[in-house]
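Trainee: Below is the file coords.csv, which contains CSV, C-alpha atoms.
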chain,number,residue,atom,x,y,z
A,1,MET,CA,8.1,-11.3,-93.5
A,2,LYS,CA,4.8,-13.1,-93.8
A,3,LEU,CA,5.6,-15.9,-91.3
A,4,PRO,CA,6.3,-13.5,-88.4
A,5,THR,CA,3.0,-11.6,-89.1
A,6,LEU,CA,1.1,-14.9,-89.3
A,7,VAL,CA,2.6,-16.1,-85.9
A,8,VAL,CA,1.7,-12.8,-84.2
A,9,SER,CA,-1.8,-12.9,-85.6
A,10,LEU,CA,-2.4,-16.5,-84.5
A,11,THR,CA,-1.0,-15.7,-81.0
A,12,ALA,CA,-3.3,-12.7,-80.6
A,13,LEU,CA,-6.3,-14.8,-81.7
A,14,SER,CA,-5.6,-17.7,-79.4
A,15,THR,CA,-4.9,-15.4,-76.4
A,16,SER,CA,-8.2,-13.5,-76.9
A,17,ALA,CA,-10.0,-16.9,-77.1
A,18,PHE,CA,-8.6,-18.0,-73.8
A,19,ALA,CA,-9.2,-14.6,-72.1
A,20,GLN,CA,-13.0,-15.0,-72.3
A,21,LEU,CA,-14.8,-16.1,-69.2
A,22,PRO,CA,-16.6,-19.4,-69.4
A,23,THR,CA,-20.4,-19.2,-69.4
A,24,THR,CA,-22.0,-21.1,-66.6
A,25,LYS,CA,-25.6,-21.8,-65.6
A,26,ILE,CA,-26.8,-20.9,-62.1
A,27,LEU,CA,-29.8,-22.0,-60.0
A,28,THR,CA,-32.2,-19.1,-59.8
A,29,VAL,CA,-34.5,-18.4,-56.9
A,30,ASP,CA,-37.6,-18.9,-59.1
A,31,VAL,CA,-36.4,-22.4,-60.2
A,32,ALA,CA,-35.4,-23.3,-56.7
A,33,GLN,CA,-38.8,-22.3,-55.4
A,34,THR,CA,-40.5,-24.4,-58.1
A,35,ILE,CA,-38.4,-27.4,-57.1
A,36,ALA,CA,-39.1,-26.9,-53.4
A,37,GLN,CA,-42.8,-26.4,-53.9
A,38,GLU,CA,-43.3,-29.5,-56.1
A,39,ALA,CA,-41.2,-31.7,-53.8
A,40,MET,CA,-43.4,-30.6,-50.9
A,41,ALA,CA,-46.6,-31.2,-52.9
A,42,ARG,CA,-45.5,-34.7,-53.8
A,43,CYS,CA,-44.7,-35.5,-50.2
A,44,ARG,CA,-47.9,-34.0,-49.0
A,45,ALA,CA,-49.9,-36.1,-51.5
A,46,ASP,CA,-48.2,-39.2,-50.1
A,47,GLY,CA,-49.1,-38.1,-46.6
A,48,TYR,CA,-45.5,-37.1,-45.4
A,49,LYS,CA,-44.6,-34.1,-43.3
A,50,VAL,CA,-41.2,-33.0,-44.6
A,51,THR,CA,-38.6,-30.3,-45.0
A,52,VAL,CA,-37.4,-29.5,-48.5
A,53,LEU,CA,-34.1,-27.6,-48.9
A,54,VAL,CA,-32.7,-26.4,-52.3
A,55,VAL,CA,-29.1,-25.2,-52.4
A,56,ASP,CA,-27.1,-23.6,-55.2
A,57,GLY,CA,-23.7,-24.7,-56.6
A,58,LEU,CA,-22.0,-23.2,-53.5
A,59,ASN,CA,-24.2,-25.3,-51.2
A,60,ALA,CA,-25.8,-22.1,-50.0
A,61,PRO,CA,-29.6,-22.2,-49.3
A,62,LYS,CA,-31.8,-20.9,-52.1
A,63,ALA,CA,-35.2,-22.2,-50.9
A,64,MET,CA,-36.5,-24.1,-47.9
A,65,VAL,CA,-40.0,-25.1,-46.8
A,66,ARG,CA,-40.8,-27.0,-43.7
A,67,ASP,CA,-44.3,-28.4,-43.7
A,68,ASP,CA,-46.7,-28.0,-40.7
A,69,GLY,CA,-46.0,-30.9,-38.4
A,70,ALA,CA,-42.5,-31.6,-39.8
A,71,THR,CA,-40.1,-31.9,-36.9
A,72,ALA,CA,-37.3,-29.4,-36.4
A,73,SER,CA,-34.7,-32.1,-37.0
A,74,THR,CA,-35.8,-32.5,-40.6
A,75,ALA,CA,-34.3,-29.2,-41.5
A,76,GLU,CA,-30.9,-30.3,-40.1
A,77,VAL,CA,-31.0,-33.6,-41.8
A,78,ALA,CA,-32.0,-32.0,-45.1
A,79,LYS,CA,-28.9,-29.7,-44.8
A,80,MET,CA,-26.7,-32.8,-44.2
A,81,LYS,CA,-28.2,-34.6,-47.3
A,82,ALA,CA,-27.7,-31.5,-49.5
A,83,THR,CA,-24.1,-31.2,-48.3
A,84,ALA,CA,-23.4,-34.8,-49.0
A,85,THR,CA,-24.9,-34.5,-52.5
A,86,MET,CA,-22.8,-31.5,-53.3
A,87,LEU,CA,-19.6,-32.9,-52.0
A,88,TYR,CA,-19.9,-36.3,-53.8
A,89,ASN,CA,-21.8,-34.9,-56.9
A,90,ARG,CA,-24.3,-37.7,-56.7
A,91,PRO,CA,-27.5,-38.6,-54.8
A,92,SER,CA,-27.0,-38.8,-51.1
A,93,GLY,CA,-26.9,-42.2,-49.4
A,94,PRO,CA,-24.6,-45.1,-49.9
A,95,ALA,CA,-23.0,-45.4,-53.3
A,96,THR,CA,-24.2,-49.0,-53.3
A,97,PRO,CA,-27.2,-49.7,-51.0
A,98,PRO,CA,-26.6,-52.3,-48.3
A,99,PRO,CA,-28.6,-55.5,-48.3
A,100,PRO,CA,-32.2,-55.2,-46.9
A,101,GLY,CA,-32.2,-55.1,-43.2
A,102,THR,CA,-28.7,-53.8,-42.9
A,103,VAL,CA,-28.0,-50.4,-41.5
A,104,ASN,CA,-26.2,-47.8,-43.7
A,105,PRO,CA,-22.6,-47.2,-42.7
A,106,PRO,CA,-22.1,-43.8,-40.9
A,107,ALA,CA,-21.1,-40.7,-42.8
A,108,THR,CA,-17.3,-40.1,-43.0
A,109,ILE,CA,-17.4,-36.3,-43.4
A,110,PRO,CA,-18.7,-34.1,-40.6
A,111,GLY,CA,-21.9,-32.3,-41.6
A,112,THR,CA,-23.1,-35.0,-43.9
A,113,ILE,CA,-25.3,-38.0,-43.5
A,114,ASN,CA,-25.3,-41.3,-45.4
A,115,ALA,CA,-29.0,-41.3,-46.1
A,116,GLN,CA,-31.1,-41.1,-49.3
A,117,GLY,CA,-33.1,-38.0,-50.1
A,118,GLY,CA,-30.6,-35.6,-51.6
A,119,VAL,CA,-30.5,-35.3,-55.4
A,120,PRO,CA,-28.2,-33.2,-57.6
A,121,ILE,CA,-29.8,-30.5,-59.8
A,122,LYS,CA,-28.0,-30.6,-63.2
A,123,VAL,CA,-27.9,-28.7,-66.4
A,124,GLY,CA,-26.4,-31.2,-68.8
A,125,ASP,CA,-23.4,-32.6,-67.0
A,126,ALA,CA,-23.0,-29.6,-64.7
A,127,THR,CA,-24.3,-29.7,-61.2
A,128,ILE,CA,-25.8,-26.3,-60.3
A,129,GLY,CA,-27.3,-27.3,-56.9
A,130,ALA,CA,-29.1,-29.9,-55.0
A,131,VAL,CA,-32.5,-30.6,-53.5
A,132,ALA,CA,-32.8,-32.5,-50.2
A,133,VAL,CA,-35.9,-33.8,-48.5
A,134,SER,CA,-36.2,-35.2,-45.0
A,135,GLY,CA,-39.1,-36.5,-43.0
A,136,ALA,CA,-40.7,-39.2,-45.1
A,137,PRO,CA,-40.6,-42.7,-43.6
A,138,GLY,CA,-37.6,-43.8,-45.6
A,139,GLY,CA,-34.9,-42.1,-47.7
A,140,ASP,CA,-36.3,-43.7,-50.9
A,141,LYS,CA,-39.5,-41.7,-50.3
A,142,ASP,CA,-37.6,-38.5,-49.6
A,143,ALA,CA,-35.7,-39.1,-52.9
A,144,ALA,CA,-38.9,-39.6,-54.8
A,145,CYS,CA,-40.2,-36.3,-53.6
A,146,ALA,CA,-36.9,-34.6,-54.5
A,147,ASN,CA,-36.9,-36.1,-58.0
A,148,ALA,CA,-40.5,-34.9,-58.5
A,149,GLY,CA,-39.4,-31.4,-57.7
A,150,ILE,CA,-36.6,-31.6,-60.3
A,151,ALA,CA,-38.9,-33.1,-62.9
A,152,LYS,CA,-41.3,-30.2,-62.5
A,153,ALA,CA,-38.5,-27.8,-63.3
A,154,ALA,CA,-36.9,-29.9,-66.1
A,155,GLY,CA,-38.0,-27.4,-68.8
A,156,GLN,CA,-36.2,-24.6,-67.0
A,157,LEU,CA,-33.0,-26.7,-66.4
A,158,LYS,CA,-31.5,-26.3,-69.9
Kindly transcribe the structure held in the file into structure tokens.

Mentor:
Amino acid sequence: MKLPTLVVSLTALSTSAFAQLPTTKILTVDVAQTIAQEAMARCRADGYKVTVLVVDGLNAPKAMVRDDGATASTAEVAKMKATATMLYNRPSGPATPPPPGTVNPPATIPGTINAQGGVPIKVGDATIGAVAVSGAPGGDKDAACANAGIAKAAGQLK
């Protein structure tokens, strides 16, 4: 009689443990704005007119700023960098940079671009969004601004 009671009790406990929803982190508007503003500040300090786009885990825009003098195309390129970052779950651009003087291969997925400047926003190993910068004279400079934005919010990304 004790064994059936034990089995029923263990089954009930294991079922209730699996019935709980997982807890996830989300990118808040406040954190997204902090990242965008700091990325913009870094690019401005370096003399670059850029657009900064921060997207959430669904690749939906959370914050965007386009500096005075940044061309309209920088907003589109930032969106393509953010999309590439979210799809591949890594910084945008080639997985292995080509040799100096060589052009990056074209993007293989419509709506993405194979250029540096998009960086995942992570909490531990979980990607909760991305920041993408476009307009600096080189993707490495865009990426440096994006990383500065994430570094500013590092204390909030826990």

Trainee: Grab the CA of Gly129 (chain A) to CA of Val55 (chain A) distance for me, in Å with one decimal place.

Mentor: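 That distance, rounded to one decimal, is 5.3 Å.
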
Trainee: Distance CA of Ile35 (chain A)-CA of Ala153 (chain A), one decimal place?

Mentor: 6.2 Å

Trainee: Could you give me, as a Markdown table, a per-residue list for region 66-132 of chain A showing, wherever an atom lies at most 8 Å from an atom of region 41-49 of chain A, the closest pair of atoms and their distance in Å to one decimal, using all atoms listed in the file and sorting by chain then residue number from low to high?

Mentor:
| residue | atom | partner | partner_atom | distance |
| --- | --- | --- | --- | --- |
| A:Asp67 | CA | A:Lys49 | CA | 5.7 |
| A:Asp68 | CA | A:Lys49 | CA | 7.0 |
| A:Gly69 | CA | A:Lys49 | CA | 6.0 |
| A:Ala70 | CA | A:Lys49 | CA | 4.8 |

Trainee: Please write the residues from the selection above to a file, keeping C-alpha atoms, as a tab-separated table (two decimals), in the coordinates of the input.

Mentor:
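Heads up, here's the output in part18.tsv:
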chain	number	residue	atom	x	y	z
A	67	ASP	CA	-44.30	-28.40	-43.70
A	68	ASP	CA	-46.70	-28.00	-40.70
A	69	GLY	CA	-46.00	-30.90	-38.40
A	70	ALA	CA	-42.50	-31.60	-39.80

Trainee: Give me, please, the distance in Å between CA of Ala78 (chain A) and CA of Thr112 (chain A), quoted to one decimal.

Mentor: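 Calculated distance between CA of Ala78 (chain A) and CA of Thr112 (chain A) is 9.5 Å.
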
Trainee: Quick one: everything within 10 Å of region 84-95 of chain A, counting all atoms listed in the file, minus sequence neighbours fewer than 3 positions away in the same chain. Send it as number ranges by chain.

Mentor: A: 55-59, 78-81, 98, 104-107, 109-122, 126-132, 139-140, 143
